[in-house]
file protein.cif (mmCIF, C-alpha atoms)
data_data
#
loop_
_atom_site.label_atom_id
_atom_site.label_comp_id
_atom_site.auth_asym_id
_atom_site.auth_seq_id
_atom_site.Cartn_x
_atom_site.Cartn_y
_atom_site.Cartn_z
CA MET D 1 -11.96 -22.24 43.53
CA ALA D 2 -10.43 -22.34 40.06
CA TYR D 3 -6.91 -21.83 41.35
CA GLY D 4 -7.25 -24.88 43.53
CA GLU D 5 -6.65 -26.80 40.31
CA ALA D 6 -3.26 -25.22 39.74
CA ILE D 7 -2.21 -25.82 43.32
CA ALA D 8 -3.52 -29.37 43.27
CA ALA D 9 -1.65 -30.03 40.02
CA LEU D 10 1.60 -29.13 41.74
CA ALA D 11 0.95 -31.24 44.81
CA ASP D 12 2.16 -34.34 42.97
CA PRO D 13 5.94 -34.61 43.44
CA THR D 14 6.67 -36.06 39.99
CA ARG D 15 4.54 -33.43 38.32
CA ARG D 16 6.33 -30.78 40.30
CA THR D 17 9.67 -32.11 39.08
CA VAL D 18 8.37 -32.01 35.51
CA PHE D 19 7.23 -28.45 36.06
CA GLU D 20 10.50 -27.35 37.60
CA ARG D 21 12.40 -28.78 34.64
CA LEU D 22 10.79 -26.07 32.52
CA ARG D 23 12.39 -23.42 34.60
CA GLY D 24 15.28 -22.82 32.25
CA GLY D 25 13.07 -22.30 29.20
CA PRO D 26 10.94 -24.25 26.69
CA ARG D 27 11.80 -27.95 26.38
CA PRO D 28 10.56 -30.90 24.33
CA VAL D 29 9.07 -33.91 26.13
CA VAL D 30 12.05 -36.12 25.40
CA GLU D 31 14.34 -33.73 27.19
CA ILE D 32 11.98 -33.23 30.11
CA ALA D 33 11.69 -37.00 30.54
CA ARG D 34 15.45 -37.63 30.47
CA GLY D 35 16.66 -39.12 33.75
CA LEU D 36 13.21 -39.24 35.29
CA PRO D 37 12.09 -42.59 36.72
CA VAL D 38 8.83 -42.47 34.73
CA SER D 39 7.99 -43.27 31.14
CA ARG D 40 7.66 -40.64 28.44
CA PRO D 41 3.89 -41.19 28.11
CA ALA D 42 3.65 -40.60 31.86
CA VAL D 43 5.58 -37.35 31.49
CA SER D 44 3.27 -36.33 28.65
CA GLN D 45 0.32 -37.05 30.91
CA HIS D 46 1.79 -34.86 33.66
CA LEU D 47 2.36 -32.10 31.12
CA ARG D 48 -1.25 -32.36 30.02
CA VAL D 49 -2.47 -31.92 33.61
CA LEU D 50 -0.18 -28.91 34.05
CA LYS D 51 -1.45 -27.48 30.79
CA ASP D 52 -5.09 -27.99 31.79
CA ALA D 53 -4.35 -26.26 35.08
CA GLY D 54 -3.02 -23.32 33.06
CA LEU D 55 0.53 -23.60 34.38
CA VAL D 56 2.22 -24.73 31.19
CA ARG D 57 2.04 -23.73 27.54
CA GLU D 58 2.57 -25.98 24.55
CA ARG D 59 4.04 -24.89 21.25
CA ARG D 60 4.65 -27.02 18.19
CA GLU D 61 7.91 -26.62 16.35
CA GLY D 62 8.42 -28.90 13.37
CA THR D 63 7.65 -32.37 14.64
CA ARG D 64 8.25 -31.62 18.30
CA ASN D 65 6.13 -30.05 20.99
CA PHE D 66 7.89 -27.63 23.29
CA TYR D 67 6.57 -26.96 26.75
CA SER D 68 7.18 -23.84 28.80
CA VAL D 69 6.05 -22.31 32.06
CA ASP D 70 3.14 -19.93 31.75
CA GLY D 71 4.54 -17.05 33.78
CA GLU D 72 1.33 -15.12 33.51
CA ALA D 73 -0.51 -18.01 35.14
CA LEU D 74 1.89 -17.97 38.08
CA ALA D 75 1.40 -14.26 38.56
CA GLU D 76 -2.34 -14.72 38.29
CA LEU D 77 -2.26 -17.46 40.89
CA ARG D 78 -0.65 -15.13 43.36
CA GLU D 79 -2.77 -12.20 42.33
CA TYR D 80 -5.84 -14.32 42.87
CA PHE D 81 -4.92 -14.87 46.51
CA GLU D 82 -3.89 -11.24 46.98
CA ASN D 83 -7.37 -10.23 45.85
CA PHE D 84 -9.02 -13.02 47.77
CA TRP D 85 -7.66 -11.80 51.11
CA ASP D 86 -8.18 -8.13 50.26
CA GLU D 87 -11.84 -8.85 49.66
CA ALA D 88 -12.27 -11.09 52.69
CA LEU D 89 -10.67 -8.55 55.02
CA ALA D 90 -12.65 -5.70 53.50
CA ALA D 91 -15.84 -7.64 54.25
CA PHE D 92 -14.59 -8.25 57.78
CA LYS D 93 -13.89 -4.56 58.30
CA GLU D 94 -17.26 -3.60 56.96
CA ALA D 95 -19.03 -6.04 59.30
CA ALA D 96 -16.91 -4.93 62.25
CA GLU D 97 -17.73 -1.30 61.74
CA LYS D 98 -21.36 -1.83 61.00
CA GLY D 99 -21.66 -3.93 64.16
CA ALA D 100 -19.76 -1.35 66.18
CA LYS D 101 -22.38 1.23 65.25
CA ASP D 102 -25.41 -1.02 65.68
CA GLU D 103 -24.35 -2.70 68.88
CA PRO D 104 -21.87 -0.63 70.81
CA ALA D 105 -21.42 -3.37 73.43
CA ASP D 106 -20.65 -7.05 72.82
CA GLU D 107 -22.60 -8.97 70.16
CA MET F 1 11.33 -5.11 49.19
CA ASN F 2 14.22 -7.53 49.56
CA GLN F 3 12.39 -9.26 52.31
CA GLN F 4 9.31 -9.60 50.15
CA MET F 5 11.33 -11.12 47.36
CA SER F 6 12.78 -13.80 49.58
CA ASP F 7 9.56 -14.36 51.46
CA THR F 8 6.62 -15.35 49.35
CA ALA F 9 3.96 -15.18 52.03
CA ILE F 10 0.98 -13.00 51.24
CA ARG F 11 0.57 -10.40 53.99
CA LYS F 12 -2.52 -8.33 54.57
CA SER F 13 -3.68 -6.13 57.38
CA VAL F 14 -6.72 -4.15 58.31
CA THR F 15 -7.60 -1.98 61.31
CA VAL F 16 -11.12 -2.16 62.63
CA ASP F 17 -13.03 0.04 65.00
CA ARG F 18 -13.64 -2.62 67.64
CA PRO F 19 -11.91 -3.69 70.83
CA LEU F 20 -9.61 -6.70 70.67
CA GLU F 21 -11.93 -9.38 72.08
CA GLU F 22 -14.83 -8.30 69.90
CA ALA F 23 -12.68 -8.18 66.78
CA PHE F 24 -11.39 -11.67 67.50
CA ARG F 25 -14.85 -13.08 68.14
CA LEU F 26 -16.25 -11.48 65.01
CA TYR F 27 -13.46 -12.97 62.93
CA THR F 28 -13.79 -16.47 64.39
CA GLU F 29 -17.06 -17.30 66.16
CA HIS F 30 -19.11 -15.00 63.90
CA VAL F 31 -17.22 -15.66 60.68
CA ALA F 32 -20.51 -16.53 58.93
CA THR F 33 -21.75 -12.95 59.41
CA TRP F 34 -19.06 -11.42 57.24
CA TRP F 35 -17.20 -14.03 55.16
CA PRO F 36 -18.18 -13.41 51.50
CA PHE F 37 -18.98 -17.08 50.95
CA SER F 38 -21.13 -16.58 47.87
CA THR F 39 -17.87 -15.76 46.08
CA HIS F 40 -15.14 -16.93 48.47
CA SER F 41 -15.97 -20.62 48.82
CA THR F 42 -15.83 -23.79 46.79
CA GLU F 43 -19.57 -24.07 46.12
CA LYS F 44 -20.29 -20.31 45.84
CA GLU F 45 -24.07 -19.63 45.74
CA GLU F 46 -24.79 -23.11 47.09
CA VAL F 47 -23.09 -22.30 50.36
CA GLU F 48 -25.33 -21.59 53.31
CA THR F 49 -22.80 -20.88 56.00
CA VAL F 50 -19.20 -21.08 57.04
CA ILE F 51 -17.99 -22.35 60.40
CA LEU F 52 -14.72 -21.92 62.24
CA GLU F 53 -14.57 -24.16 65.30
CA GLY F 54 -12.75 -22.28 68.03
CA ARG F 55 -10.30 -24.82 69.37
CA GLU F 56 -7.08 -26.48 68.36
CA GLY F 57 -7.98 -29.18 65.86
CA GLY F 58 -11.27 -27.40 65.12
CA ARG F 59 -12.54 -27.44 61.56
CA PHE F 60 -12.89 -24.45 59.25
CA TYR F 61 -15.51 -25.44 56.69
CA GLU F 62 -18.43 -24.44 54.49
CA ARG F 63 -21.87 -26.03 54.64
CA THR F 64 -24.05 -26.03 51.54
CA LYS F 65 -27.81 -25.60 51.39
CA ASN F 66 -28.26 -29.36 51.05
CA GLY F 67 -26.09 -30.06 54.07
CA ASP F 68 -22.80 -31.03 52.43
CA GLU F 69 -19.74 -29.96 54.34
CA HIS F 70 -16.44 -29.09 52.68
CA LEU F 71 -13.37 -28.70 54.80
CA TRP F 72 -11.21 -25.64 54.10
CA GLY F 73 -8.68 -26.20 56.84
CA THR F 74 -8.01 -27.17 60.43
CA VAL F 75 -7.22 -24.92 63.38
CA LEU F 76 -3.54 -25.39 64.26
CA VAL F 77 -3.18 -22.69 66.90
CA TRP F 78 -6.03 -21.30 68.99
CA ASP F 79 -4.89 -18.46 71.17
CA PRO F 80 -7.80 -16.09 71.80
CA PRO F 81 -8.01 -13.14 71.55
CA SER F 82 -4.69 -12.61 69.81
CA ARG F 83 -4.01 -15.36 67.33
CA VAL F 84 -5.50 -18.13 65.22
CA VAL F 85 -3.57 -20.25 62.75
CA HIS F 86 -5.30 -22.67 60.42
CA SER F 87 -4.33 -24.85 57.52
CA TRP F 88 -5.78 -23.86 54.15
CA HIS F 89 -6.78 -26.20 51.35
CA PRO F 90 -10.30 -25.27 50.14
CA GLY F 91 -11.39 -27.34 47.16
CA ARG F 92 -8.28 -29.50 47.19
CA GLY F 93 -6.60 -32.26 49.14
CA GLU F 94 -5.05 -31.81 52.54
CA ASN F 95 -1.72 -32.77 50.99
CA THR F 96 -1.73 -29.34 49.32
CA ALA F 97 -2.45 -27.46 52.54
CA GLN F 98 -0.96 -24.05 53.09
CA GLU F 99 -1.17 -21.99 56.26
CA VAL F 100 -3.04 -18.87 57.26
CA GLU F 101 -2.10 -17.02 60.44
CA VAL F 102 -4.31 -14.22 61.73
CA THR F 103 -3.12 -12.06 64.61
CA PHE F 104 -5.03 -9.41 66.53
CA ALA F 105 -3.44 -6.52 68.42
CA PRO F 106 -4.94 -3.44 70.06
CA GLN F 107 -4.40 -0.25 68.11
CA GLY F 108 -5.81 2.90 69.67
CA GLU F 109 -9.46 2.21 70.39
CA GLY F 110 -9.58 -0.47 67.74
CA THR F 111 -7.79 -3.60 66.63
CA ARG F 112 -5.21 -4.26 63.98
CA VAL F 113 -5.70 -7.57 62.22
CA GLU F 114 -2.81 -9.07 60.30
CA LEU F 115 -3.13 -12.03 57.98
CA VAL F 116 -0.26 -14.07 56.58
CA HIS F 117 -0.93 -16.73 53.96
CA SER F 118 2.18 -18.88 53.69
CA GLY F 119 3.30 -22.33 52.61
CA TRP F 120 3.94 -21.66 48.91
CA GLU F 121 7.27 -23.41 49.25
CA ARG F 122 5.41 -26.67 49.89
CA LEU F 123 4.26 -26.55 46.29
CA GLY F 124 7.86 -26.93 45.18
CA ASP F 125 11.21 -25.82 46.47
CA ARG F 126 11.64 -23.36 43.70
CA LEU F 127 8.07 -22.63 42.76
CA ASP F 128 7.72 -19.82 45.27
CA GLU F 129 10.83 -18.25 43.86
CA MET F 130 9.38 -18.59 40.40
CA ILE F 131 6.14 -17.02 41.46
CA THR F 132 7.74 -13.96 42.99
CA ASN F 133 10.60 -13.48 40.61
CA TYR F 134 9.10 -14.35 37.30
CA ASN F 135 9.72 -11.31 35.16
CA GLU F 136 6.36 -11.23 33.48
CA GLY F 137 4.50 -11.50 36.73
CA TRP F 138 6.49 -9.28 39.02
CA ASP F 139 5.17 -5.97 37.71
CA VAL F 140 1.59 -7.15 37.91
CA VAL F 141 2.04 -8.37 41.46
CA LEU F 142 3.80 -5.27 42.71
CA GLY F 143 1.36 -3.00 40.94
CA ARG F 144 -1.53 -4.72 42.60
CA TYR F 145 0.21 -4.64 45.91
CA ALA F 146 0.81 -0.90 45.72
CA GLN F 147 -2.78 -0.38 44.68
CA ALA F 148 -4.03 -2.42 47.62
CA ALA F 149 -1.72 -0.56 49.97
CA GLU F 150 -3.07 2.79 48.83
CA VAL F 151 -6.66 1.72 49.22
CA SER F 152 -6.16 0.37 52.76
#
call {"tool": "encode", "arguments": {"input": "protein.cif", "output": "structure tokens"}}
result
Amino acid sequence: MAYGEAIAALADPTRRTVFERLRGGPRPVVEIARGLPVSRPAVSQHLRVLKDAGLVRERREGTRNFYSVDGEALAELREYFENFWDEALAAFKEAAEKGAKDEPADE
Amino acid sequence: MNQQMSDTAIRKSVTVDRPLEEAFRLYTEHVATWWPFSTHSTEKEEVETVILEGREGGRFYERTKNGDEHLWGTVLVWDPPSRVVHSWHPGRGENTAQEVEVTFAPQGEGTRVELVHSGWERLGDRLDEMITNYNEGWDVVLGRYAQAAEVS
């Protein structure tokens, strides 16, 4: 499940803090790292994981990289599960009604 | 709509033409007969079957053609024929588990099945808020929702 990656990426509390720091808009690493009990390289590493999971975008401005939340990815994550359950329940309904016709009594 | 905005759970329902007990057993005991595991699983085409053990603490898992088992979740509440709740973490660690509650209620001659997928807040106190309220995403989500509602 591809979206497992995004969810797994956010399971780490530090990474989640890093991610939530992007809530107010694009920020450079130095600003994201400020006040966090981890080193800047560690923050960069977390950002890389978030980026690979499709949750964060990176944009270069001058000499600095700005990171921002990929809102589309968040919507897709939810949409994925909306579709997932729609499809699963549709399959359930189909099986239920096929079975009801084939075997009117218990299975 | 206000309730949906403050509550990020995904809610789905379907009504099937089967009495309560049968609908419950089909959903649980006979899950392998309908679950679309070639697409809705971690190993896709490699998956041979899916098993939901009907008891509290029972496992909900896929088994591949070469016998590997991958846990999707654990049964938290087993209350036949009206309710089953299981944790949900297919393809990821149990520390990222969410929850899926499925309830069954008689409706006419058939059964109404309601599914609630919750636990988004565990991925971050504000993440769920971000998911539902993010401007870019909101239209997409609601559009899909309306579409799904019209189909079902």
call {"tool": "resolve_selection", "arguments": {"input": "protein.cif", "expression": "the PyMOL selection byres ((chain F and resi 66) around 12)", "output": "list of chain:residue names"}}
result
F:Glu43, F:Glu45, F:Glu46, F:Val47, F:Glu48, F:Thr49, F:Glu62, F:Arg63, F:Thr64, F:Lys65, F:Gly67, F:Asp68, F:Glu69, F:His70
call {"tool": "write_last_selection", "arguments": {"input": "protein.cif", "atoms": "C-alpha atoms", "output": "JSON list (two decimals), in the frame of the given file"}}
result
[["chain", "number", "residue", "atom", "x", "y", "z"],
["F", 43, "GLU", "CA", -19.57, -24.07, 46.12],
["F", 45, "GLU", "CA", -24.07, -19.63, 45.74],
["F", 46, "GLU", "CA", -24.79, -23.11, 47.09],
["F", 47, "VAL", "CA", -23.09, -22.30, 50.36],
["F", 48, "GLU", "CA", -25.33, -21.59, 53.31],
["F", 49, "THR", "CA", -22.80, -20.88, 56.00],
["F", 62, "GLU", "CA", -18.43, -24.44, 54.49],
["F", 63, "ARG", "CA", -21.87, -26.03, 54.64],
["F", 64, "THR", "CA", -24.05, -26.03, 51.54],
["F", 65, "LYS", "CA", -27.81, -25.60, 51.39],
["F", 67, "GLY", "CA", -26.09, -30.06, 54.07],
["F", 68, "ASP", "CA", -22.80, -31.03, 52.43],
["F", 69, "GLU", "CA", -19.74, -29.96, 54.34],
["F", 70, "HIS", "CA", -16.44, -29.09, 52.68]]
call {"tool": "interface_residues", "arguments": {"input": "protein.cif", "of": "chain D", "to": "chain F", "cutoff": "8 Å", "atoms": "all atoms listed in the file", "output": "PyMOL selection string"}}
result
chain D and resi 1+4-5+7-8+10-11+16+20+71-72+74-76+78-79+81-82+84-86+88-93+95-97+100+106-107
call {"tool": "atom_distance", "arguments": {"input": "protein.cif", "atom1": "CA of Val77 (chain F)", "atom2": "CA of Glu87 (chain D)"}}
result
23.7 Å
call {"tool": "residues_near_point", "arguments": {"input": "protein.cif", "point": "(-2.9, -22.4, 35.6)", "cutoff": "7 Å", "atoms": "all atoms listed in the file", "output": "list in words"}}
result
Ala6, Ala53, Gly54, Leu55, Ala73 and Leu74 of chain D
call {"tool": "residues_around", "arguments": {"input": "protein.cif", "residues": "Arg48 (chain D)", "least_positions_apart": "2", "cutoff": "12 Å", "atoms": "only C-alpha atoms", "output": "ChimeraX atom specification"}}
result
/D:9,15,18-19,29,41-46,50-58,65,67
call {"tool": "write_last_selection", "arguments": {"input": "protein.cif", "atoms": "C-alpha atoms", "output": "compact mmCIF listing (two decimals), in the coordinates of the input"}}
result
# COMPACT_ATOMS: atom_id res chain seq x y z
CA ALA D 9 -1.65 -30.03 40.02
CA ARG D 15 4.54 -33.43 38.32
CA VAL D 18 8.37 -32.01 35.51
CA PHE D 19 7.23 -28.45 36.06
CA VAL D 29 9.07 -33.91 26.13
CA PRO D 41 3.89 -41.19 28.11
CA ALA D 42 3.65 -40.60 31.86
CA VAL D 43 5.58 -37.35 31.49
CA SER D 44 3.27 -36.33 28.65
CA GLN D 45 0.32 -37.05 30.91
CA HIS D 46 1.79 -34.86 33.66
CA LEU D 50 -0.18 -28.91 34.05
CA LYS D 51 -1.45 -27.48 30.79
CA ASP D 52 -5.09 -27.99 31.79
CA ALA D 53 -4.35 -26.26 35.08
CA GLY D 54 -3.02 -23.32 33.06
CA LEU D 55 0.53 -23.60 34.38
CA VAL D 56 2.22 -24.73 31.19
CA ARG D 57 2.04 -23.73 27.54
CA GLU D 58 2.57 -25.98 24.55
CA ASN D 65 6.13 -30.05 20.99
CA TYR D 67 6.57 -26.96 26.75
call {"tool": "atom_distance", "arguments": {"input": "protein.cif", "atom1": "CA of Trp78 (chain F)", "atom2": "CA of Val102 (chain F)"}}
result
10.3 Å
call {"tool": "residues_around", "arguments": {"input": "protein.cif", "residues": "Gln98 (chain F)", "least_positions_apart": "3", "cutoff": "6 Å", "atoms": "all atoms listed in the file", "output": "list in words"}}
result
Ser87, Trp88 and Gly119 of chain F
call {"tool": "residues_near_point", "arguments": {"input": "protein.cif", "point": "(13.0, -34.5, 34.0)", "cutoff": "8 Å", "atoms": "all atoms listed in the file", "output": "PyMOL selection string"}}
result
chain D and resi 17-18+21+31-36
call {"tool": "atom_distance", "arguments": {"input": "protein.cif", "atom1": "CA of Leu52 (chain F)", "atom2": "CA of Ser82 (chain F)"}}
result
15.6 Å
call {"tool": "axis_aligned_box", "arguments": {"input": "protein.cif", "around": "region 95-112 of chain F", "padding_each_side": "4 Å", "output": "JSON"}}
result
{"center_x": -5.3, "center_y": -14.9, "center_z": 59.9, "size_x": 16.6, "size_y": 43.7, "size_z": 29.1}
call {"tool": "closest_residue", "arguments": {"input": "protein.cif", "among": "D:Leu22, D:Asn83, D:Thr14, D:Val38", "to": "Phe66 (chain D)", "atoms": "all atoms listed in the file"}}
result
D:Leu22
call {"tool": "build_atoms", "arguments": {"input": "protein.cif", "residues": "region 45-81 of chain D", "atoms": "N, CA and C atoms", "output": "PDB file, keeping the file's coordinate frame"}}
result
ATOM      1  N   GLN D  45       1.555 -37.148  30.131  1.00  0.00           N
ATOM      2  CA  GLN D  45       0.320 -37.050  30.910  1.00  0.00           C
ATOM      3  C   GLN D  45       0.432 -35.955  31.973  1.00  0.00           C
ATOM      4  N   HIS D  46       1.560 -35.905  32.651  1.00  0.00           N
ATOM      5  CA  HIS D  46       1.790 -34.860  33.660  1.00  0.00           C
ATOM      6  C   HIS D  46       1.742 -33.470  33.008  1.00  0.00           C
ATOM      7  N   LEU D  47       2.349 -33.385  31.824  1.00  0.00           N
ATOM      8  CA  LEU D  47       2.360 -32.100  31.120  1.00  0.00           C
ATOM      9  C   LEU D  47       0.950 -31.663  30.735  1.00  0.00           C
ATOM     10  N   ARG D  48       0.135 -32.666  30.391  1.00  0.00           N
ATOM     11  CA  ARG D  48      -1.250 -32.360  30.020  1.00  0.00           C
ATOM     12  C   ARG D  48      -2.008 -31.789  31.226  1.00  0.00           C
ATOM     13  N   VAL D  49      -1.795 -32.403  32.390  1.00  0.00           N
ATOM     14  CA  VAL D  49      -2.470 -31.920  33.610  1.00  0.00           C
ATOM     15  C   VAL D  49      -2.014 -30.486  33.925  1.00  0.00           C
ATOM     16  N   LEU D  50      -0.715 -30.253  33.788  1.00  0.00           N
ATOM     17  CA  LEU D  50      -0.180 -28.910  34.050  1.00  0.00           C
ATOM     18  C   LEU D  50      -0.738 -27.892  33.068  1.00  0.00           C
ATOM     19  N   LYS D  51      -0.906 -28.358  31.831  1.00  0.00           N
ATOM     20  CA  LYS D  51      -1.450 -27.480  30.790  1.00  0.00           C
ATOM     21  C   LYS D  51      -2.921 -27.162  31.079  1.00  0.00           C
ATOM     22  N   ASP D  52      -3.671 -28.199  31.460  1.00  0.00           N
ATOM     23  CA  ASP D  52      -5.090 -27.990  31.790  1.00  0.00           C
ATOM     24  C   ASP D  52      -5.254 -27.074  32.992  1.00  0.00           C
ATOM     25  N   ALA D  53      -4.289 -27.118  33.902  1.00  0.00           N
ATOM     26  CA  ALA D  53      -4.350 -26.260  35.080  1.00  0.00           C
ATOM     27  C   ALA D  53      -3.862 -24.846  34.760  1.00  0.00           C
ATOM     28  N   GLY D  54      -3.427 -24.647  33.506  1.00  0.00           N
ATOM     29  CA  GLY D  54      -3.020 -23.320  33.060  1.00  0.00           C
ATOM     30  C   GLY D  54      -1.604 -22.939  33.455  1.00  0.00           C
ATOM     31  N   LEU D  55      -0.816 -23.910  33.893  1.00  0.00           N
ATOM     32  CA  LEU D  55       0.530 -23.600  34.380  1.00  0.00           C
ATOM     33  C   LEU D  55       1.599 -23.701  33.288  1.00  0.00           C
ATOM     34  N   VAL D  56       1.238 -24.426  32.232  1.00  0.00           N
ATOM     35  CA  VAL D  56       2.220 -24.730  31.190  1.00  0.00           C
ATOM     36  C   VAL D  56       1.622 -24.445  29.820  1.00  0.00           C
ATOM     37  N   ARG D  57       2.475 -23.969  28.923  1.00  0.00           N
ATOM     38  CA  ARG D  57       2.040 -23.730  27.540  1.00  0.00           C
ATOM     39  C   ARG D  57       2.707 -24.747  26.624  1.00  0.00           C
ATOM     40  N   GLU D  58       2.032 -25.036  25.518  1.00  0.00           N
ATOM     41  CA  GLU D  58       2.570 -25.980  24.550  1.00  0.00           C
ATOM     42  C   GLU D  58       2.703 -25.274  23.210  1.00  0.00           C
ATOM     43  N   ARG D  59       3.848 -25.503  22.559  1.00  0.00           N
ATOM     44  CA  ARG D  59       4.040 -24.890  21.250  1.00  0.00           C
ATOM     45  C   ARG D  59       4.664 -25.924  20.323  1.00  0.00           C
ATOM     46  N   ARG D  60       4.142 -26.010  19.125  1.00  0.00           N
ATOM     47  CA  ARG D  60       4.650 -27.020  18.190  1.00  0.00           C
ATOM     48  C   ARG D  60       5.712 -26.391  17.290  1.00  0.00           C
ATOM     49  N   GLU D  61       6.842 -27.104  17.214  1.00  0.00           N
ATOM     50  CA  GLU D  61       7.910 -26.620  16.350  1.00  0.00           C
ATOM     51  C   GLU D  61       8.391 -27.796  15.514  1.00  0.00           C
ATOM     52  N   GLY D  62       8.098 -27.755  14.208  1.00  0.00           N
ATOM     53  CA  GLY D  62       8.420 -28.900  13.370  1.00  0.00           C
ATOM     54  C   GLY D  62       7.624 -30.103  13.840  1.00  0.00           C
ATOM     55  N   THR D  63       8.344 -31.162  14.194  1.00  0.00           N
ATOM     56  CA  THR D  63       7.650 -32.370  14.640  1.00  0.00           C
ATOM     57  C   THR D  63       7.600 -32.481  16.159  1.00  0.00           C
ATOM     58  N   ARG D  64       8.176 -31.508  16.835  1.00  0.00           N
ATOM     59  CA  ARG D  64       8.250 -31.620  18.300  1.00  0.00           C
ATOM     60  C   ARG D  64       7.401 -30.569  19.011  1.00  0.00           C
ATOM     61  N   ASN D  65       6.872 -30.989  20.147  1.00  0.00           N
ATOM     62  CA  ASN D  65       6.130 -30.050  20.990  1.00  0.00           C
ATOM     63  C   ASN D  65       7.049 -29.536  22.099  1.00  0.00           C
ATOM     64  N   PHE D  66       7.103 -28.244  22.220  1.00  0.00           N
ATOM     65  CA  PHE D  66       7.890 -27.630  23.290  1.00  0.00           C
ATOM     66  C   PHE D  66       6.945 -27.157  24.386  1.00  0.00           C
ATOM     67  N   TYR D  67       7.364 -27.407  25.605  1.00  0.00           N
ATOM     68  CA  TYR D  67       6.570 -26.960  26.750  1.00  0.00           C
ATOM     69  C   TYR D  67       7.312 -25.876  27.508  1.00  0.00           C
ATOM     70  N   SER D  68       6.563 -24.895  27.992  1.00  0.00           N
ATOM     71  CA  SER D  68       7.180 -23.840  28.800  1.00  0.00           C
ATOM     72  C   SER D  68       6.234 -23.406  29.920  1.00  0.00           C
ATOM     73  N   VAL D  69       6.828 -22.800  30.923  1.00  0.00           N
ATOM     74  CA  VAL D  69       6.050 -22.310  32.060  1.00  0.00           C
ATOM     75  C   VAL D  69       5.225 -21.107  31.623  1.00  0.00           C
ATOM     76  N   ASP D  70       3.978 -21.092  32.011  1.00  0.00           N
ATOM     77  CA  ASP D  70       3.140 -19.930  31.750  1.00  0.00           C
ATOM     78  C   ASP D  70       3.304 -18.931  32.904  1.00  0.00           C
ATOM     79  N   GLY D  71       4.214 -17.997  32.706  1.00  0.00           N
ATOM     80  CA  GLY D  71       4.540 -17.050  33.780  1.00  0.00           C
ATOM     81  C   GLY D  71       3.355 -16.207  34.192  1.00  0.00           C
ATOM     82  N   GLU D  72       2.519 -15.901  33.218  1.00  0.00           N
ATOM     83  CA  GLU D  72       1.330 -15.120  33.510  1.00  0.00           C
ATOM     84  C   GLU D  72       0.413 -15.871  34.483  1.00  0.00           C
ATOM     85  N   ALA D  73       0.345 -17.195  34.274  1.00  0.00           N
ATOM     86  CA  ALA D  73      -0.510 -18.010  35.140  1.00  0.00           C
ATOM     87  C   ALA D  73      -0.010 -17.981  36.579  1.00  0.00           C
ATOM     88  N   LEU D  74       1.314 -18.018  36.725  1.00  0.00           N
ATOM     89  CA  LEU D  74       1.890 -17.970  38.080  1.00  0.00           C
ATOM     90  C   LEU D  74       1.566 -16.651  38.754  1.00  0.00           C
ATOM     91  N   ALA D  75       1.698 -15.571  37.992  1.00  0.00           N
ATOM     92  CA  ALA D  75       1.400 -14.260  38.560  1.00  0.00           C
ATOM     93  C   ALA D  75      -0.081 -14.164  38.906  1.00  0.00           C
ATOM     94  N   GLU D  76      -0.899 -14.748  38.035  1.00  0.00           N
ATOM     95  CA  GLU D  76      -2.340 -14.720  38.290  1.00  0.00           C
ATOM     96  C   GLU D  76      -2.710 -15.507  39.528  1.00  0.00           C
ATOM     97  N   LEU D  77      -2.006 -16.621  39.722  1.00  0.00           N
ATOM     98  CA  LEU D  77      -2.260 -17.460  40.890  1.00  0.00           C
ATOM     99  C   LEU D  77      -2.043 -16.645  42.164  1.00  0.00           C
ATOM    100  N   ARG D  78      -0.941 -15.942  42.182  1.00  0.00           N
ATOM    101  CA  ARG D  78      -0.650 -15.130  43.360  1.00  0.00           C
ATOM    102  C   ARG D  78      -1.608 -13.952  43.476  1.00  0.00           C
ATOM    103  N   GLU D  79      -1.874 -13.344  42.348  1.00  0.00           N
ATOM    104  CA  GLU D  79      -2.770 -12.200  42.330  1.00  0.00           C
ATOM    105  C   GLU D  79      -4.161 -12.605  42.829  1.00  0.00           C
ATOM    106  N   TYR D  80      -4.547 -13.810  42.432  1.00  0.00           N
ATOM    107  CA  TYR D  80      -5.840 -14.320  42.870  1.00  0.00           C
ATOM    108  C   TYR D  80      -5.933 -14.308  44.393  1.00  0.00           C
ATOM    109  N   PHE D  81      -4.882 -14.812  45.049  1.00  0.00           N
ATOM    110  CA  PHE D  81      -4.920 -14.870  46.510  1.00  0.00           C
ATOM    111  C   PHE D  81      -4.752 -13.493  47.138  1.00  0.00           C
TER     112      PHE D  81
END
